[in-house]
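Asker: The structure's right below; bear with me while I get my questions together.
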Amino acid sequence: MTDCIFCRIVAGEIPAKRILETENVVAFHDLNPAAPQHALVIPRRHIATLDAATEDDRGLLGDLMLAGAEVARMLGCAEKGYRTVMNCNEDGGQSVYHIHLHVLGGRSLSWPPG
Ligand code: DGP
């Protein structure tokens, strides 16, 4: 059994409120939402950080972005607007080391982030 929490969500070993599943990615609601709509889109295959991604992952990274846009439409925040974020490593605020695209919407988001 893997100790990666997101691999375990992909495997169905840990419950998550799933929004979308494709051959390569899974999207689900964030456990600690930072906005009225806050979803995570993750690859089924474990990649620890964006920094660890390689040329072989180019298509998969595209899949994550397109799934993020689809999730925003499904959550009803595409027209008003939303933000996609991928945190990388400690200074980027990454806490789960299986890459994930945050999709945040449902309120006006400030910039720059803290
Ligand atoms: P980051 O800090 O960028 O690594 O974001 C990790 C996010 O993952 C954070 O917003 C909380 C969320 N999260 C952590 N554990 C779980 C979990 O078990 N289930 C769900 N749905 N979300 C989780």
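Simple scheme: letters A, B, ... for chains in structure tokens order, numbers from 1 for residues in each chain, numbers from 1 for ligands in the order shown.
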Among the residues of chain A, find those DSSP assigns to helix (DSSP H, G or I) from the backbone and print them as a PyMOL selection string.
Answerer: chain A and resi 5-10+50-52+55-75+89-92
Asker: Show me which residues sit within 6 Å of ligand 1 when counting only C-alpha atoms and all ligand atoms, and put them as number ranges by chain.
Answerer: A: 16, 29-32, 87, 93-96
Asker: Just want the 6 Å neighbourhood of A:Val26, counted on only C-alpha atoms, with same-chain residues fewer than 4 positions away dropped. Output as a ChimeraX atom specification.
Answerer: /A:20-21,41-42
Asker: Name the closest residue to A:Arg73 among the candidates A:Gly114, A:Pro33, A:Pro15, A:Gly105; distances are taken between atoms, counting only C-alpha atoms.
Answerer: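 Distance minimum relative to A:Arg73 lands on A:Gly105.
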Asker: For A:Thr84, work out the shell of residues within 7 Å, counting only C-alpha atoms and skipping chain neighbours fewer than 6 positions away, then give it as number ranges by chain.
Answerer: A: 101-104
Asker: So which bits of chain A end up strand (DSSP E or B) when you DSSP the backbone, as an NGL selection string?
Answerer: :A and (18-21 or 25-29 or 37-43 or 82-85 or 101-105)
Asker: Can you list, as a list in words, every protein, DNA or RNA residue that comes within 7 Å of A:Leu50 when you count only C-alpha atoms, leaving out same-chain residues fewer than 3 positions away?
Answerer: Ala53, Cys88 and Ile99 of chain A
Asker: Quick one: everything within 12 Å of A:Ala11, counting only C-alpha atoms, minus sequence neighbours fewer than 2 positions away in the same chain. Send it as a PyMOL selection string.
Answerer: chain A and resi 1-9+13-16+25-26+43-46
Asker: To one decimal place, how far is atom CA of A:Glu23 from atom CA of A:Asn89 in Å?
Answerer: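 Separating atom CA of A:Glu23 from atom CA of A:Asn89 is a distance of 26.6 Å.
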